[in-house]
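K.L.:
Structure below; questions to follow.
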Amino acid sequence: MKKKKHILKKPVVIAYDIQSDRLRTRVSKLLEKYGNRANKSVFECLLTVAEETRVKEKLNKMINEETDSVLFYELCKYCFASQWKTGANIKVDSITFV
């Protein structure tokens with residue numbers, strides 16, 4: 001019997017500031033495939049190294065580097081677990097780390 005391989009995912013917060021409404025919608029739709037919206041322009045994601053690379057490559061091709069910005073914040077599992085949230089439309093998911 002083969003041993004089940006665990007794919008390591010790390011918590012990443014992705015925030016963006018995009019000028020164009022149309023492009024902002026495209027970026028949002030891309031990030032919805034990888035995580036949960038934490039705020040209007042902030043997503044919380046659990047990404048493998050391959051997924052993170054793929055998302056960064058896609059975003060680099062999409063944005064205008066002169067007017068737009070995207071920030072990636074990698075969090076350790078302890079920092080992610082100790083987050084604090086309050087306010088309207090806050091969704092807290094239970095996540096298990098391996």
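Chain identifiers are assigned as A, B, and so on, following the order in which chains appear in the structure tokens; residues are numbered from 1 within each chain, and ligands are numbered from 1 in order of appearance.
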Extract, using only C-alpha atoms, all DNA, RNA and protein residues at most 10 Å from stretch 22-35 of chain A, discarding same-chain residues fewer than 3 positions from it, and format them as a ChimeraX atom specification.

P.N.:
/A:11-14,16-19,38,40-47,51-52,55,58-59,62-64,68,70

K.L.:
Can you write out the residues you just picked, keeping N, CA and C atoms, as a tab-separated table (two decimals), in the first residue's frame?

P.N.:
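Output file result-v8.tsv is given in full below:
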chain	number	residue	atom	x	y	z
A	11	PRO	N	-0.41	29.43	4.53
A	11	PRO	CA	-1.34	30.55	4.52
A	11	PRO	C	-0.68	31.79	3.89
A	12	VAL	N	-1.41	32.39	2.95
A	12	VAL	CA	-0.93	33.59	2.27
A	12	VAL	C	-2.08	34.59	2.22
A	13	VAL	N	-1.80	35.82	2.61
A	13	VAL	CA	-2.76	36.90	2.47
A	13	VAL	C	-2.35	37.68	1.22
A	14	ILE	N	-3.32	37.88	0.32
A	14	ILE	CA	-3.06	38.60	-0.92
A	14	ILE	C	-3.94	39.85	-0.93
A	16	TYR	N	-4.64	43.71	-2.93
A	16	TYR	CA	-4.37	44.40	-4.19
A	16	TYR	C	-5.03	45.76	-4.24
A	17	ASP	N	-4.44	46.61	-5.06
A	17	ASP	CA	-4.98	47.94	-5.35
A	17	ASP	C	-4.91	48.08	-6.87
A	18	ILE	N	-6.06	47.96	-7.53
A	18	ILE	CA	-6.14	47.95	-8.98
A	18	ILE	C	-7.01	49.12	-9.44
A	19	GLN	N	-6.50	49.92	-10.35
A	19	GLN	CA	-7.22	51.10	-10.84
A	19	GLN	C	-8.46	50.77	-11.65
A	38	ALA	N	-11.39	38.22	2.36
A	38	ALA	CA	-11.38	38.69	3.74
A	38	ALA	C	-11.85	40.13	3.82
A	40	LYS	N	-12.68	43.75	0.80
A	40	LYS	CA	-12.95	44.06	-0.60
A	40	LYS	C	-11.77	43.75	-1.52
A	41	SER	N	-10.57	44.01	-1.08
A	41	SER	CA	-9.41	43.75	-1.92
A	41	SER	C	-8.36	42.91	-1.21
A	42	VAL	N	-8.82	42.01	-0.34
A	42	VAL	CA	-7.91	41.14	0.41
A	42	VAL	C	-8.46	39.71	0.40
A	43	PHE	N	-7.58	38.76	0.10
A	43	PHE	CA	-7.95	37.35	0.10
A	43	PHE	C	-7.04	36.58	1.04
A	44	GLU	N	-7.61	35.61	1.74
A	44	GLU	CA	-6.84	34.67	2.55
A	44	GLU	C	-6.83	33.35	1.79
A	45	CYS	N	-5.64	32.85	1.54
A	45	CYS	CA	-5.50	31.64	0.73
A	45	CYS	C	-4.60	30.64	1.43
A	46	LEU	N	-4.81	29.37	1.12
A	46	LEU	CA	-3.88	28.31	1.48
A	46	LEU	C	-3.34	27.79	0.17
A	47	LEU	N	-2.06	27.99	-0.07
A	47	LEU	CA	-1.47	27.69	-1.37
A	47	LEU	C	-0.28	26.75	-1.26
A	51	GLU	N	0.97	26.47	-6.61
A	51	GLU	CA	-0.17	27.37	-6.76
A	51	GLU	C	0.25	28.82	-6.58
A	52	GLU	N	1.10	29.08	-5.59
A	52	GLU	CA	1.57	30.45	-5.35
A	52	GLU	C	2.32	30.97	-6.58
A	55	VAL	N	-0.24	31.71	-9.39
A	55	VAL	CA	-1.01	32.93	-9.13
A	55	VAL	C	-0.15	34.16	-9.39
A	58	LYS	N	0.30	34.68	-13.15
A	58	LYS	CA	-0.93	35.20	-13.78
A	58	LYS	C	-1.15	36.66	-13.44
A	59	LEU	N	-0.95	37.02	-12.17
A	59	LEU	CA	-1.14	38.41	-11.76
A	59	LEU	C	-0.13	39.33	-12.43
A	62	MET	N	-1.35	40.22	-15.74
A	62	MET	CA	-2.61	40.95	-15.76
A	62	MET	C	-2.48	42.43	-15.40
A	63	ILE	N	-1.67	42.74	-14.41
A	63	ILE	CA	-1.70	44.09	-13.85
A	63	ILE	C	-0.84	45.07	-14.64
A	64	ASN	N	-1.13	46.33	-14.44
A	64	ASN	CA	-0.33	47.42	-14.98
A	64	ASN	C	0.62	47.84	-13.85
A	68	ASP	N	-0.98	49.73	-10.71
A	68	ASP	CA	-1.58	48.71	-9.84
A	68	ASP	C	-0.53	48.10	-8.92
A	70	VAL	N	0.02	44.52	-6.13
A	70	VAL	CA	-0.45	43.29	-5.49
A	70	VAL	C	0.58	42.94	-4.43

K.L.:
When DSSP is applied to the backbone of this structure, which of chain A are assigned helix (DSSP H, G or I)? Write them out as a PyMOL selection string.

P.N.:
chain A and resi 21-32+49-62+77-81

K.L.:
Could you write those residues out with C-alpha atoms, as a PDB file, in the first residue's frame?

P.N.:
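File selection-v9.pdb, as written:
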ATOM      1  CA  ASP A  21     -12.794  48.188 -12.502  1.00  0.00           C
ATOM      2  CA  ARG A  22     -12.669  45.570 -15.251  1.00  0.00           C
ATOM      3  CA  LEU A  23      -9.193  44.357 -14.291  1.00  0.00           C
ATOM      4  CA  ARG A  24     -10.060  44.438 -10.585  1.00  0.00           C
ATOM      5  CA  THR A  25     -12.976  42.090 -11.323  1.00  0.00           C
ATOM      6  CA  ARG A  26     -10.682  39.736 -13.255  1.00  0.00           C
ATOM      7  CA  VAL A  27      -8.145  39.682 -10.405  1.00  0.00           C
ATOM      8  CA  SER A  28     -10.913  39.039  -7.890  1.00  0.00           C
ATOM      9  CA  LYS A  29     -12.277  36.119  -9.942  1.00  0.00           C
ATOM     10  CA  LEU A  30      -8.795  34.614 -10.168  1.00  0.00           C
ATOM     11  CA  LEU A  31      -8.202  34.857  -6.419  1.00  0.00           C
ATOM     12  CA  GLU A  32     -11.662  33.415  -5.610  1.00  0.00           C
ATOM     13  CA  VAL A  49       4.335  26.398  -3.721  1.00  0.00           C
ATOM     14  CA  ALA A  50       3.147  25.550  -7.253  1.00  0.00           C
ATOM     15  CA  GLU A  51      -0.171  27.374  -6.757  1.00  0.00           C
ATOM     16  CA  GLU A  52       1.569  30.447  -5.353  1.00  0.00           C
ATOM     17  CA  THR A  53       3.923  30.536  -8.331  1.00  0.00           C
ATOM     18  CA  ARG A  54       1.008  30.125 -10.760  1.00  0.00           C
ATOM     19  CA  VAL A  55      -1.008  32.931  -9.134  1.00  0.00           C
ATOM     20  CA  LYS A  56       1.972  35.297  -9.112  1.00  0.00           C
ATOM     21  CA  GLU A  57       2.701  34.588 -12.790  1.00  0.00           C
ATOM     22  CA  LYS A  58      -0.929  35.197 -13.776  1.00  0.00           C
ATOM     23  CA  LEU A  59      -1.141  38.407 -11.763  1.00  0.00           C
ATOM     24  CA  ASN A  60       2.141  39.704 -13.227  1.00  0.00           C
ATOM     25  CA  LYS A  61       0.680  39.277 -16.712  1.00  0.00           C
ATOM     26  CA  MET A  62      -2.614  40.951 -15.761  1.00  0.00           C
ATOM     27  CA  LYS A  77       0.617  28.603  10.896  1.00  0.00           C
ATOM     28  CA  TYR A  78       0.783  30.135  14.382  1.00  0.00           C
ATOM     29  CA  CYS A  79       0.283  33.674  13.090  1.00  0.00           C
ATOM     30  CA  PHE A  80      -2.592  32.569  10.893  1.00  0.00           C
ATOM     31  CA  ALA A  81      -4.223  30.666  13.766  1.00  0.00           C
TER      32      ALA A  81
END

K.L.:
Using the chain letters and numbers from this document, which residues of chain A does DSSP assign to strand (DSSP E), as number ranges by chain?

P.N.:
A: 10-17, 35-39, 42-47, 69-74

K.L.:
Filtering to C-alpha atoms, could you give me those residues as a tab-separated table (two decimals), in the first residue's frame?

P.N.:
chain	number	residue	atom	x	y	z
A	10	LYS	CA	0.91	27.67	3.50
A	11	PRO	CA	-1.34	30.55	4.52
A	12	VAL	CA	-0.93	33.59	2.27
A	13	VAL	CA	-2.76	36.90	2.47
A	14	ILE	CA	-3.06	38.60	-0.92
A	15	ALA	CA	-4.02	42.27	-1.09
A	16	TYR	CA	-4.37	44.40	-4.19
A	17	ASP	CA	-4.98	47.94	-5.35
A	35	GLY	CA	-9.04	31.44	-1.30
A	36	ASN	CA	-11.66	33.39	0.60
A	37	ARG	CA	-12.30	37.10	0.40
A	38	ALA	CA	-11.38	38.69	3.74
A	39	ASN	CA	-12.10	42.25	2.63
A	42	VAL	CA	-7.91	41.14	0.41
A	43	PHE	CA	-7.95	37.35	0.10
A	44	GLU	CA	-6.84	34.67	2.55
A	45	CYS	CA	-5.50	31.64	0.73
A	46	LEU	CA	-3.88	28.31	1.48
A	47	LEU	CA	-1.47	27.69	-1.37
A	69	SER	CA	-0.09	46.77	-6.96
A	70	VAL	CA	-0.45	43.29	-5.49
A	71	LEU	CA	0.99	42.26	-2.12
A	72	PHE	CA	1.61	38.70	-0.88
A	73	TYR	CA	2.07	38.10	2.86
A	74	GLU	CA	3.09	34.59	3.84

K.L.:
Find the spatial neighbours of A:Thr48, counting only C-alpha atoms, within a cut-off of 8 Å - ignore same-chain residues fewer than 5 positions away - and output them as a PyMOL selection string.

P.N.:
chain A and resi 7-10
